[in-house]
Structure formats: structure tokens, C-alpha cells
>>> print(open('my_file-v6.csv').read())   # CSV, C-alpha atoms
chain,number,residue,atom,x,y,z
A,1,MET,CA,104.1,142.0,105.2
A,2,ALA,CA,102.5,141.1,102.0
A,3,ARG,CA,102.5,144.7,100.8
A,4,ARG,CA,106.2,145.2,101.6
A,5,LYS,CA,107.4,142.1,100.0
A,6,PRO,CA,104.8,140.6,97.7
A,7,SER,CA,105.4,136.8,97.5
A,8,PRO,CA,105.5,135.7,93.9
A,9,PRO,CA,102.7,133.6,92.7
A,10,ALA,CA,103.5,129.9,92.8
A,11,ALA,CA,105.9,129.4,89.8
A,12,PRO,CA,104.0,127.6,87.1
A,13,ASP,CA,107.2,125.6,86.3
A,14,THR,CA,107.3,123.9,89.7
A,15,PRO,CA,108.2,120.3,88.9
A,16,VAL,CA,105.4,117.7,89.6
A,17,LEU,CA,107.9,115.8,91.7
A,18,GLU,CA,108.0,118.7,94.2
A,19,TRP,CA,104.3,118.4,94.7
A,20,ILE,CA,104.4,114.6,94.9
A,21,ALA,CA,107.2,114.7,97.6
A,22,ALA,CA,105.3,117.3,99.6
A,23,ALA,CA,102.1,115.4,99.4
A,24,ILE,CA,103.7,112.2,100.6
A,25,GLY,CA,105.4,114.0,103.4
A,26,ALA,CA,102.1,115.6,104.4
A,27,LEU,CA,100.3,112.3,104.3
A,28,LEU,CA,102.9,110.5,106.5
A,29,THR,CA,103.1,113.4,109.0
A,30,LEU,CA,99.3,113.6,109.3
A,31,GLY,CA,99.1,109.8,109.6
A,32,VAL,CA,101.6,109.7,112.5
A,33,LEU,CA,99.9,112.6,114.2
A,34,GLY,CA,96.5,111.1,113.7
A,35,TYR,CA,97.4,107.7,115.0
A,36,SER,CA,99.2,109.2,118.1
A,37,ALA,CA,96.2,111.4,118.8
A,38,TRP,CA,93.8,108.4,118.5
A,39,GLU,CA,96.0,106.4,120.8
A,40,GLY,CA,96.2,109.4,123.2
A,41,VAL,CA,92.5,109.7,123.6
A,42,SER,CA,91.7,106.0,123.6
A,43,ASP,CA,93.5,104.6,126.6
A,44,PRO,CA,96.1,106.7,128.3
A,45,ARG,CA,96.8,105.3,131.7
A,46,ALA,CA,95.6,101.7,132.0
A,47,PRO,CA,98.2,99.2,133.3
A,48,PRO,CA,99.5,96.5,131.0
A,49,ASP,CA,96.9,93.8,130.2
A,50,LEU,CA,98.9,90.7,129.6
A,51,SER,CA,97.9,87.2,128.4
A,52,ALA,CA,100.2,84.3,127.5
A,53,SER,CA,99.7,81.2,125.4
A,54,ALA,CA,101.7,78.2,124.3
A,55,GLU,CA,101.9,77.0,120.7
A,56,ALA,CA,102.6,73.6,119.3
A,57,ALA,CA,106.0,72.2,120.4
A,58,THR,CA,108.8,71.1,118.1
A,59,PRO,CA,111.2,68.4,119.1
A,60,GLY,CA,114.8,69.8,119.5
A,61,ARG,CA,118.1,68.5,120.8
A,62,SER,CA,117.4,69.3,124.4
A,63,GLY,CA,113.7,68.6,124.5
A,64,PHE,CA,110.5,69.9,123.1
A,65,VAL,CA,110.7,73.5,122.2
A,66,THR,CA,107.4,75.2,123.0
A,67,PRO,CA,106.9,78.7,121.7
A,68,ILE,CA,105.2,81.1,124.2
A,69,VAL,CA,103.5,84.3,123.0
A,70,VAL,CA,102.7,87.1,125.4
A,71,ARG,CA,100.1,89.6,124.2
A,72,ASN,CA,99.4,93.0,125.7
A,73,ALA,CA,95.9,94.4,125.2
A,74,SER,CA,96.7,97.7,126.8
A,75,PHE,CA,98.7,100.6,125.4
A,76,ALA,CA,101.1,100.5,128.4
A,77,THR,CA,104.3,98.6,127.8
A,78,ALA,CA,105.5,96.0,130.3
A,79,ALA,CA,109.1,95.2,130.9
A,80,ASN,CA,110.8,92.1,132.5
A,81,VAL,CA,107.6,90.0,132.1
A,82,GLU,CA,108.0,86.7,134.0
A,83,VAL,CA,106.0,83.8,132.5
A,84,ILE,CA,105.6,80.4,134.2
A,85,ALA,CA,104.6,77.4,132.0
A,86,ARG,CA,103.4,74.1,133.6
A,87,LEU,CA,103.0,70.8,131.8
A,88,ASN,CA,100.4,68.5,133.3
A,89,VAL,CA,100.3,64.9,132.2
A,90,GLY,CA,97.4,62.8,133.2
A,91,GLY,CA,96.0,65.6,135.4
A,92,ARG,CA,99.2,65.7,137.5
A,93,PRO,CA,101.9,68.4,137.2
A,94,SER,CA,105.0,67.0,135.6
A,95,GLU,CA,107.3,69.9,134.6
A,96,THR,CA,107.6,73.6,135.3
A,97,ARG,CA,109.5,76.1,133.2
A,98,ARG,CA,110.0,79.8,133.3
A,99,ALA,CA,110.8,82.4,130.7
A,100,ARG,CA,111.4,86.1,130.9
A,101,PHE,CA,110.5,88.7,128.3
A,102,ALA,CA,112.5,92.0,128.2
A,103,TYR,CA,109.6,93.9,126.7
A,104,VAL,CA,106.0,93.3,125.8
A,105,PRO,CA,105.0,96.5,123.9
A,106,GLY,CA,101.7,98.2,124.3
A,107,ARG,CA,99.1,96.8,121.9
A,108,GLY,CA,101.7,94.3,120.8
A,109,GLU,CA,103.2,90.9,121.5
A,110,ALA,CA,106.5,89.3,122.3
A,111,ARG,CA,107.7,85.8,121.5
A,112,GLY,CA,109.9,83.4,123.3
A,113,GLY,CA,109.8,79.8,124.4
A,114,VAL,CA,110.3,77.1,127.0
A,115,ILE,CA,111.8,73.6,126.7
A,116,PHE,CA,110.0,70.6,128.2
A,117,ARG,CA,111.7,67.2,128.5
A,118,SER,CA,108.6,65.2,127.7
A,119,ASP,CA,106.3,65.7,124.8
A,120,PRO,CA,103.6,68.4,125.7
A,121,ALA,CA,101.3,66.7,123.2
A,122,ALA,CA,100.8,64.0,125.8
A,123,GLY,CA,99.4,66.5,128.4
A,124,ARG,CA,98.2,70.0,128.9
A,125,ILE,CA,100.2,73.2,129.2
A,126,SER,CA,99.1,76.0,131.4
A,127,VAL,CA,100.8,79.4,131.0
A,128,GLU,CA,100.6,82.1,133.6
A,129,ILE,CA,102.1,85.6,133.9
A,130,GLU,CA,103.8,86.1,137.2
A,131,GLY,CA,104.7,89.8,137.1
A,132,PHE,CA,106.3,92.6,135.2
A,133,ALA,CA,108.0,95.9,135.7
A,134,ALA,CA,107.4,99.4,134.2
A,135,PRO,CA,109.9,100.1,131.5
B,1,MET,CA,155.5,108.3,83.0
B,2,ALA,CA,156.2,110.8,85.9
B,3,ARG,CA,152.7,112.1,85.3
B,4,ARG,CA,151.2,108.6,85.6
B,5,VAL,CA,153.1,108.0,88.8
B,6,ARG,CA,151.7,111.2,90.2
B,7,LYS,CA,148.3,110.2,89.2
B,8,GLU,CA,148.6,106.9,91.0
B,9,GLU,CA,150.0,108.6,94.0
B,10,ASN,CA,147.1,111.0,94.1
B,11,TYR,CA,144.7,108.1,94.0
B,12,LEU,CA,146.5,106.3,96.9
B,13,ARG,CA,146.3,109.5,98.8
B,14,GLY,CA,142.6,109.6,98.1
B,15,LEU,CA,142.2,106.1,99.4
B,16,ALA,CA,144.0,107.0,102.6
B,17,ARG,CA,141.7,110.0,103.0
B,18,ALA,CA,138.8,107.6,102.4
B,19,ALA,CA,140.1,105.4,105.2
B,20,GLY,CA,140.2,108.4,107.5
B,21,GLY,CA,136.6,109.2,106.7
B,22,ALA,CA,135.6,105.6,107.2
B,23,LEU,CA,137.1,105.7,110.6
B,24,LEU,CA,135.5,108.9,111.6
B,25,PHE,CA,132.0,107.9,110.4
B,26,GLY,CA,132.3,104.3,111.4
B,27,PHE,CA,133.7,104.2,114.9
B,28,PRO,CA,130.7,105.2,116.9
B,29,LEU,CA,128.8,102.1,115.6
B,30,LEU,CA,131.9,99.9,115.7
B,31,MET,CA,131.9,100.6,119.4
B,32,THR,CA,128.2,100.0,120.0
B,33,MET,CA,127.4,96.6,121.6
B,34,GLU,CA,124.0,96.1,119.9
B,35,MET,CA,125.6,96.4,116.5
B,36,TRP,CA,127.8,93.3,117.1
B,37,ALA,CA,124.8,91.1,117.6
B,38,PHE,CA,122.9,92.2,114.5
B,39,GLY,CA,125.5,90.5,112.3
B,40,ALA,CA,124.5,87.1,113.8
B,41,HIS,CA,120.7,87.4,114.1
B,42,MET,CA,119.7,89.7,111.2
B,43,GLY,CA,117.8,87.8,108.5
B,44,ARG,CA,120.0,87.2,105.4
B,45,TRP,CA,117.6,88.8,103.0
B,46,ARG,CA,117.4,91.9,105.1
B,47,LEU,CA,121.2,91.9,105.3
B,48,ALA,CA,121.5,91.5,101.5
B,49,LEU,CA,119.0,94.3,100.8
B,50,PHE,CA,120.8,96.5,103.3
B,51,VAL,CA,124.1,96.0,101.5
B,52,LEU,CA,122.4,96.9,98.3
B,53,VAL,CA,120.9,100.0,99.8
B,54,THR,CA,124.3,101.0,101.1
B,55,ALA,CA,125.9,100.6,97.8
B,56,SER,CA,123.2,102.7,96.1
B,57,VAL,CA,123.5,105.5,98.6
B,58,VAL,CA,127.3,105.4,98.2
B,59,TYR,CA,126.9,105.6,94.5
B,60,GLY,CA,124.5,108.5,94.9
B,61,LEU,CA,127.0,110.3,97.1
B,62,SER,CA,129.6,109.7,94.4
B,63,ARG,CA,127.4,111.5,91.9
B,64,PHE,CA,127.5,114.6,94.2
B,65,ALA,CA,130.8,114.2,96.1
B,66,GLY,CA,133.1,111.8,94.3
B,67,PHE,CA,136.9,111.3,94.3
B,68,ARG,CA,137.4,113.1,91.0
B,69,GLU,CA,136.7,116.4,89.3
B,70,VAL,CA,134.9,115.3,86.3
B,71,THR,CA,132.9,112.1,86.5
B,72,SER,CA,131.1,109.7,84.2
B,73,PRO,CA,128.8,107.0,85.5
B,74,LEU,CA,131.8,104.6,85.1
B,75,ASP,CA,134.0,106.8,87.3
B,76,ASP,CA,131.2,106.9,89.9
B,77,LEU,CA,130.9,103.1,89.8
B,78,LEU,CA,134.7,102.7,90.3
B,79,ASP,CA,134.6,105.2,93.2
B,80,THR,CA,131.7,103.5,94.7
B,81,ALA,CA,133.5,100.2,94.6
B,82,ALA,CA,136.6,101.8,96.1
B,83,ALA,CA,134.6,103.4,99.0
B,84,LEU,CA,132.8,100.1,99.7
B,85,LEU,CA,136.2,98.3,99.7
B,86,VAL,CA,137.6,100.9,102.2
B,87,GLY,CA,134.5,100.6,104.3
B,88,PHE,CA,134.6,96.8,104.5
B,89,VAL,CA,138.4,96.7,105.2
B,90,VAL,CA,138.2,99.4,107.9
B,91,ALA,CA,135.2,97.8,109.6
B,92,ALA,CA,136.8,94.3,109.5
B,93,ALA,CA,140.2,95.7,110.7
B,94,LEU,CA,138.6,97.5,113.7
B,95,LEU,CA,136.4,94.6,114.6
B,96,CYS,CA,139.5,92.3,114.7
B,97,MET,CA,141.5,94.9,116.6
B,98,PHE,CA,138.8,95.1,119.3
B,99,GLY,CA,138.9,91.3,119.6
B,100,LEU,CA,135.3,91.0,118.4
B,101,LEU,CA,136.3,88.9,115.4
B,102,ASP,CA,138.8,86.1,115.5
B,103,PRO,CA,139.4,82.9,113.5
B,104,GLU,CA,136.9,81.1,115.7
B,105,THR,CA,134.0,83.4,114.8
B,106,ALA,CA,131.4,81.6,112.7
B,107,TRP,CA,131.5,82.7,109.1
B,108,ARG,CA,127.8,83.7,109.1
B,109,GLU,CA,128.3,85.9,112.0
B,110,ALA,CA,131.6,87.5,110.8
B,111,VAL,CA,130.1,88.3,107.4
B,112,GLY,CA,127.0,89.8,108.9
B,113,MET,CA,129.0,91.9,111.4
B,114,ILE,CA,131.3,93.3,108.8
B,115,ALA,CA,128.6,94.0,106.3
B,116,VAL,CA,126.4,96.0,108.8
B,117,GLN,CA,129.4,98.0,110.0
B,118,ALA,CA,130.7,98.7,106.5
B,119,ALA,CA,127.7,100.8,105.7
B,120,PRO,CA,128.5,104.0,107.7
B,121,ALA,CA,132.2,103.4,107.0
B,122,SER,CA,131.7,103.4,103.3
B,123,MET,CA,129.6,106.5,103.4
B,124,GLY,CA,132.3,108.1,105.4
B,125,ALA,CA,134.9,107.0,102.9
B,126,MET,CA,133.0,108.6,100.1
B,127,LEU,CA,132.4,111.9,102.0
B,128,ALA,CA,135.9,112.2,103.3
B,129,ASN,CA,137.2,112.9,99.9
B,130,ARG,CA,134.9,115.8,99.7
B,131,GLN,CA,135.6,117.1,103.2
B,132,LEU,CA,139.2,116.4,103.8
B,133,GLN,CA,140.8,117.6,100.5
B,134,ARG,CA,142.0,121.1,100.6
B,135,ASP,CA,143.6,121.8,97.2
B,136,ARG,CA,140.6,121.1,95.1
B,137,PRO,CA,137.9,123.5,94.2
B,138,ARG,CA,134.4,122.5,95.5
B,139,ARG,CA,132.4,120.7,93.0
B,140,ASP,CA,129.0,122.1,93.0
B,141,ASP,CA,127.1,119.2,91.5
B,142,GLU,CA,124.5,119.2,94.1
B,143,ASP,CA,123.6,122.7,93.1
B,144,HIS,CA,122.8,121.5,89.6
B,145,ALA,CA,121.3,118.2,90.7
B,146,GLY,CA,117.9,119.8,91.0
B,147,TYR,CA,115.1,118.7,93.2
B,148,PRO,CA,115.7,114.9,93.0
B,149,GLY,CA,119.3,115.4,94.0
B,150,GLN,CA,118.2,117.4,97.0
B,151,LEU,CA,115.7,114.7,98.0
B,152,PHE,CA,118.5,112.1,97.7
B,153,LEU,CA,120.8,114.2,99.9
B,154,MET,CA,118.1,114.6,102.5
B,155,GLY,CA,117.4,110.9,102.4
B,156,ALA,CA,121.1,110.0,102.7
B,157,GLY,CA,121.6,112.4,105.7
B,158,ALA,CA,118.5,110.9,107.4
B,159,LEU,CA,119.8,107.4,106.8
B,160,PHE,CA,123.2,108.2,108.3
B,161,LEU,CA,122.0,109.8,111.5
B,162,ALA,CA,119.1,107.4,112.0
B,163,PHE,CA,121.4,104.5,111.5
B,164,ASN,CA,123.8,105.8,114.0
B,165,VAL,CA,121.3,105.7,116.9
B,166,ALA,CA,118.8,103.1,115.8
B,167,PRO,CA,120.6,100.0,117.0
B,168,THR,CA,120.7,101.0,120.7
B,169,GLU,CA,118.2,99.8,123.2
B,170,GLU,CA,117.6,103.4,124.2
B,171,MET,CA,115.6,103.9,121.1
B,172,LEU,CA,113.1,101.3,122.2
B,173,LEU,CA,113.0,102.5,125.7
B,174,ILE,CA,112.4,106.1,124.8
B,175,GLY,CA,109.4,105.0,122.7
B,176,PHE,CA,108.1,103.0,125.7
B,177,ARG,CA,108.5,105.9,128.1
B,178,MET,CA,106.8,108.4,125.9
B,179,SER,CA,103.0,108.8,125.9
B,180,ALA,CA,101.1,109.4,122.6
B,181,TRP,CA,101.1,113.1,123.5
B,182,HIS,CA,104.8,113.2,123.8
B,183,ALA,CA,104.9,111.6,120.4
B,184,ILE,CA,102.8,114.4,118.9
B,185,VAL,CA,105.0,117.1,120.5
B,186,LEU,CA,108.1,115.3,119.1
B,187,VAL,CA,106.6,115.2,115.6
B,188,LEU,CA,106.0,119.0,115.8
B,189,ALA,CA,109.5,119.6,117.2
B,190,SER,CA,111.1,117.6,114.4
B,191,LEU,CA,109.2,119.6,111.8
B,192,ALA,CA,110.2,122.8,113.4
B,193,ALA,CA,113.9,121.8,113.7
B,194,LEU,CA,113.9,120.7,110.1
B,195,HIS,CA,112.3,123.9,108.9
B,196,VAL,CA,114.6,126.2,110.8
B,197,LEU,CA,117.7,124.2,109.7
B,198,VAL,CA,116.6,124.1,106.1
B,199,PHE,CA,116.1,127.8,106.2
B,200,THR,CA,119.4,128.7,107.9
B,201,VAL,CA,121.5,126.3,106.0
B,202,GLY,CA,119.7,127.1,102.8
B,203,PHE,CA,119.1,124.4,100.3
B,204,ALA,CA,120.3,124.8,96.7
B,205,GLY,CA,117.5,125.6,94.3
B,206,GLN,CA,115.6,127.3,97.1
B,207,HIS,CA,115.1,130.8,95.9
B,208,ASP,CA,115.3,133.8,98.2
B,209,SER,CA,112.0,135.0,97.0
B,210,GLU,CA,110.4,131.6,97.8
B,211,SER,CA,107.6,131.9,100.3
B,212,HIS,CA,108.0,130.1,103.7
B,213,LEU,CA,104.9,128.1,102.9
B,214,ARG,CA,106.3,126.7,99.7
B,215,ALA,CA,109.6,125.9,101.3
B,216,PHE,CA,107.7,124.2,104.1
B,217,ALA,CA,105.9,122.0,101.6
B,218,HIS,CA,108.8,121.2,99.3
B,219,PHE,CA,111.7,120.9,101.8
B,220,THR,CA,110.3,120.5,105.3
B,221,LEU,CA,107.3,118.3,104.7
B,222,ALA,CA,109.0,116.3,102.0
B,223,GLY,CA,112.1,116.0,104.1
B,224,TYR,CA,110.2,114.9,107.2
B,225,GLY,CA,108.3,112.3,105.0
B,226,LEU,CA,111.6,111.0,103.9
B,227,ALA,CA,112.9,110.9,107.5
B,228,LEU,CA,109.9,108.9,108.5
B,229,LEU,CA,110.3,106.4,105.6
B,230,VAL,CA,114.0,106.1,106.3
B,231,SER,CA,113.3,105.5,110.0
B,232,LEU,CA,110.8,102.8,109.0
B,233,TYR,CA,113.3,101.1,106.8
B,234,VAL,CA,116.1,101.2,109.4
B,235,LEU,CA,113.8,99.9,112.1
B,236,TRP,CA,112.7,97.1,109.8
B,237,THR,CA,116.3,96.2,109.0
B,238,PHE,CA,117.0,95.9,112.7
B,239,GLY,CA,113.9,93.9,113.3
B,240,ARG,CA,112.3,96.5,115.6
B,241,LEU,CA,108.9,96.5,114.0
B,242,ASP,CA,107.7,93.1,115.2
B,243,GLY,CA,106.1,94.3,118.4
B,244,GLY,CA,102.8,95.7,117.1
B,245,LEU,CA,101.5,98.9,115.4
B,246,SER,CA,101.7,101.2,118.4
B,247,GLU,CA,105.3,100.4,119.2
B,248,ALA,CA,106.2,100.8,115.5
B,249,VAL,CA,104.6,104.2,115.1
B,250,ARG,CA,106.2,105.4,118.3
B,251,ALA,CA,109.6,104.1,117.3
B,252,VAL,CA,109.3,105.7,113.9
B,253,VAL,CA,108.6,109.0,115.5
B,254,VAL,CA,111.5,108.7,117.9
B,255,LEU,CA,113.9,107.8,115.2
B,256,GLY,CA,112.4,110.3,112.9
B,257,PHE,CA,113.8,113.1,115.1
B,258,PRO,CA,117.5,112.4,114.4
B,259,ALA,CA,116.6,111.4,110.8
B,260,ALA,CA,115.0,114.8,110.3
B,261,ILE,CA,118.0,116.6,111.6
B,262,GLY,CA,120.2,114.4,109.4
B,263,ALA,CA,118.0,115.3,106.4
B,264,ALA,CA,118.4,119.0,107.2
B,265,ILE,CA,122.1,119.1,107.7
B,266,ALA,CA,123.0,116.8,104.8
B,267,ARG,CA,123.9,119.8,102.7
B,268,LEU,CA,126.4,121.0,105.3
B,269,VAL,CA,128.3,117.7,105.3
B,270,VAL,CA,128.4,117.0,101.6
>>> encode(input="my_file-v6.csv", output="C-alpha cells")
Amino acid sequence: MARRKPSPPAAPDTPVLEWIAAAIGALLTLGVLGYSAWEGVSDPRAPPDLSASAEAATPGRSGFVTPIVVRNASFATAANVEVIARLNVGGRPSETRRARFAYVPGRGEARGGVIFRSDPAAGRISVEIEGFAAP
Amino acid sequence: MARRVRKEENYLRGLARAAGGALLFGFPLLMTMEMWAFGAHMGRWRLALFVLVTASVVYGLSRFAGFREVTSPLDDLLDTAAALLVGFVVAAALLCMFGLLDPETAWREAVGMIAVQAAPASMGAMLANRQLQRDRPRRDDEDHAGYPGQLFLMGAGALFLAFNVAPTEEMLLIGFRMSAWHAIVLVLASLAALHVLVFTVGFAGQHDSESHLRAFAHFTLAGYGLALLVSLYVLWTFGRLDGGLSEAVRAVVVLGFPAAIGAAIARLVV
């Protein structure tokens, strides 16, 4: 092959930009491949590992808007995640709210919120994950 | 006087052609449900930056595929403005016709909706004049544009195709369904498709004697890098990078596939 059609030596007048563009391309491609391979060998088949927590509430027009964050420690994505948030005031349950999250990506988080009528600062919020579906 | 009238008539004809191109390039997204919502919930800075990027790309396309035979930067600027105008008008008119915009729509939402949709329409408006005119010899600017021009064309092609599929929910879902190994295969497939297309379509400035390896480095690798960057930008614009690193990498790879094909065929379209 090389004998029939000798490839010319790299032209000395190749603009630097061509090498820069090629180097950036190679870097990005190898980065994506490397990350995916690392992900592939680390944890391929574990089910979603979800945890939910409530953040400080902000008073709004229809009550106290309480942000909920659902985190997923596994690489597997969960869909239709159902979260139930209970507000306990003085040790007694006072309000229950539900929220649904379309997706909680693997190794990622999703944000949403629930709205309580009374101020959650006066009590304690417990947040639980009820279930999910595979995407 | 008669000559002047003819000149104006020609320009009007150009505008009509541009509207045709705007329709052709714009309608898939105008009929995509997810796109309607972005106008309302996209952050205003992202939207402003997006309009700016659109205008720059349309200007770049004008350098290589403008309305006129001979162009100066001022001509290109005028043509860019005209293409943007056509894009905005066509997007707004179609959104109204589909009953998606009416006098009750909030201003913020209406402005966002039209601005997002105007991007593909404006690119179409600019390209239409290149594609739909028959009586004019092909201007071969892109052949003389050199390597930066080629990179720009690849980026514009990647942006257009990526943008066309990025808003849909399916992009997210595909990323979630794929394992990391699927992603690796998709990266390799994107590179292969890009390389084969680049070689069969033949980029300007690519010499016959050039070795496969060099073409791979300068067009395929560089083009795929561009495709990944463009995907990253489009995903960021649509707020699809907020879920975590794994999701982001997967989404970039998924969107990188149409982007790579867009980069490779850009030269066919322009």
C-alpha cells in the first residue's frame, strides 16, 4: 500500500489551527470514552439508590413552599419517583403532601417541592420515597 | 430607473425565497411540543445568549452563502438582519396560525417562544437563497474560506441538526436507557459515520493525496470535538445539564450523534 501510493510527508505548512482543532477533538473524544468506560466498570446493574430531603421553606401565596431534593447514588436512573412529605408539629402528624418526579438521573439529583399550610419551621418534616419506575 | 425597480424586485424575490427556506427549516420545531414551553421557562440570560449565537451563525452563513454575488461585511450584516427578520416573522406567524400565540399570551412567554423558534427559521432563510436560486452561479466562498471556514460550517451543521432533536423528551430517555457501554459504541459509531461522510462528501481544502490519518485528525476528530461542544451548548441552553455529570455525559454523547452527522453534511447543504 505504502509502496504503491506513497503518502506524502505531513506538509510543513499545515496551519497550527488544524493541529489545535484536532487536539481538542481528541481530548473531548477520549474524555467521553474514558468517563463512560469508568462508569461501565464501576457499577453497571445496581438499582436506583434514592434519598430525599427537604430544604428551608419560603412563605408563598398558597402556603409554605418547601423544596424537596431527591438524590440518586446509583448509576441507574429512576422514573416517576413518588415522594411523600409529612409535617409533624409537636410530635403529632399535622400535614401530608406528595410530589412526583419524572426522572432522577443516575448519580444525579432532581428538584421539586411541596406546599404546607402551616410553617414547617414550627415542626419537623420527614420525607420518604414511596417508589419509582424504570425509565 | 427600470434597473432600480428590477433590483428591488429581485430583492423581494430573495426575501420570498428566504421565507420558503425559513418554513422548510423551521416547521419541524414549530410543531414540537417541548419547544413551546421553552419560551416560558428558559432563563432570560440563556435566551439572550442564544439569540446572539443564532445571529452570529446566520452572519457566518452569510459570509459563505449570502443573498448576493459580491459581498462586503456591510452586505453580510444587512443580509443577516434580513434573514433574522424573516425568521422571526415566519416563526411568529406560524405560532399564531397554530393557535399557540394569541393576544392573551404573556409577553415574556411570547417573546421567548418566538426567539427560540426563530433560530432554525433564520438559518433556513439564509440557506434558502443559496439552495433555491437557479439562475445564479454557485459562489464558492467556502472553498476559499480555508480551514476556519470549514470548522465554522461543521459547527453550524452540528448546531442545526442537534437543535432539531435536542428539545424532545426522547433525547433524555435514550440517554437513560443506554448503558455506559452503549455510549462507548455510540461514540465510535459517530466517529465512523463522520469519517465516512467527510470522505465521500469531500471537504474543500482536503487534498486527494492527504492520508486518511491526517484527514481523520483534521476533519473527523476536530469535527466530532465540535459536535460534542455544540451538543453541550444546546443541552445547556435547554437546561438539560442540571441532573448530574453522568446524565450530562450520556446526553452529550446521544446528541453528539446527530450533531456529528450535521457537521459532516454541512457542506452538502451550503
>>> closest_atom_pairs(input="my_file-v6.csv", of="chain B", to="chain A", cutoff="6 Å", atoms="only C-alpha atoms", output="Markdown table")
| residue | atom | partner | partner_atom | distance |
| --- | --- | --- | --- | --- |
| B:Ala180 | CA | A:Ser36 | CA | 4.9 |
| B:Ile184 | CA | A:Leu33 | CA | 5.8 |
| B:Ala217 | CA | A:Ala22 | CA | 5.1 |
| B:His218 | CA | A:Ala22 | CA | 5.2 |
| B:Leu221 | CA | A:Gly25 | CA | 4.9 |
| B:Ala222 | CA | A:Gly25 | CA | 4.5 |
| B:Gly225 | CA | A:Gly25 | CA | 3.7 |
| B:Gly243 | CA | A:Gly108 | CA | 5.0 |
| B:Gly244 | CA | A:Gly108 | CA | 4.1 |
>>> residues_around(input="my_file-v6.csv", residues="segment 55-62 of chain A", least_positions_apart="5", cutoff="8 Å", atoms="only C-alpha atoms", output="list in words")
Pro67, Ile68, Val69, Ile115, Arg117, Asp119, Pro120 and Ala121 of chain A
>>> atom_distance(input="my_file-v6.csv", atom1="atom CA of Leu161 of chain B", atom2="atom CA of Leu255 of chain B")
9.1 Å
>>> atom_distance(input="my_file-v6.csv", atom1="atom CA of Gln117 of chain B", atom2="atom CA of Thr237 of chain B")
13.3 Å
>>> residues_around(input="my_file-v6.csv", residues="Phe27 of chain B", least_positions_apart="3", cutoff="12 Å", atoms="only C-alpha atoms", output="ChimeraX atom specification")
/B:19-24,30-33,35,87,90-95,98,117-122,124,164
>>> atom_distance(input="my_file-v6.csv", atom1="atom CA of Gly43 of chain B", atom2="atom CA of Val58 of chain B")
22.5 Å
>>> residues_around(input="my_file-v6.csv", residues="Gly157 of chain B", least_positions_apart="4", cutoff="12 Å", atoms="all atoms listed in the file", output="PyMOL selection string")
chain B and resi 57-58+60-61+120+123-124+127+150-153+161-164+223-224+226-227+230-231+256+258-270
>>> closest_residue(input="my_file-v6.csv", among="B:Val111, B:Leu188, B:Leu197, B:Met126", to="Arg44 of chain B", atoms="all atoms listed in the file")
B:Val111
>>> residues_near_point(input="my_file-v6.csv", point="(100.4, 81.9, 134.9)", cutoff="10 Å", atoms="only C-alpha atoms", output="PyMOL selection string")
chain A and resi 51-53+82-86+98+126-131
>>> write_last_selection(input="my_file-v6.csv", atoms="C-alpha atoms", output="PDB file, in the frame of the given file")
ATOM      1  CA  SER A  51      97.900  87.200 128.400  1.00  0.00           C
ATOM      2  CA  ALA A  52     100.200  84.300 127.500  1.00  0.00           C
ATOM      3  CA  SER A  53      99.700  81.200 125.400  1.00  0.00           C
ATOM      4  CA  GLU A  82     108.000  86.700 134.000  1.00  0.00           C
ATOM      5  CA  VAL A  83     106.000  83.800 132.500  1.00  0.00           C
ATOM      6  CA  ILE A  84     105.600  80.400 134.200  1.00  0.00           C
ATOM      7  CA  ALA A  85     104.600  77.400 132.000  1.00  0.00           C
ATOM      8  CA  ARG A  86     103.400  74.100 133.600  1.00  0.00           C
ATOM      9  CA  ARG A  98     110.000  79.800 133.300  1.00  0.00           C
ATOM     10  CA  SER A 126      99.100  76.000 131.400  1.00  0.00           C
ATOM     11  CA  VAL A 127     100.800  79.400 131.000  1.00  0.00           C
ATOM     12  CA  GLU A 128     100.600  82.100 133.600  1.00  0.00           C
ATOM     13  CA  ILE A 129     102.100  85.600 133.900  1.00  0.00           C
ATOM     14  CA  GLU A 130     103.800  86.100 137.200  1.00  0.00           C
ATOM     15  CA  GLY A 131     104.700  89.800 137.100  1.00  0.00           C
TER      16      GLY A 131
END
>>> closest_residue(input="my_file-v6.csv", among="B:Leu235, B:Leu74, B:Val253, B:Ala158", to="Trp181 of chain B", atoms="only C-alpha atoms")
B:Val253
>>> closest_residue(input="my_file-v6.csv", among="A:Val65, A:Val81, A:Ala54, A:Val114", to="Arg97 of chain A", atoms="all atoms listed in the file")
A:Val114
>>> residues_around(input="my_file-v6.csv", residues="Tyr59 of chain B", least_positions_apart="6", cutoff="8 Å", atoms="only C-alpha atoms", output="PyMOL selection string")
chain B and resi 76-77+79-80
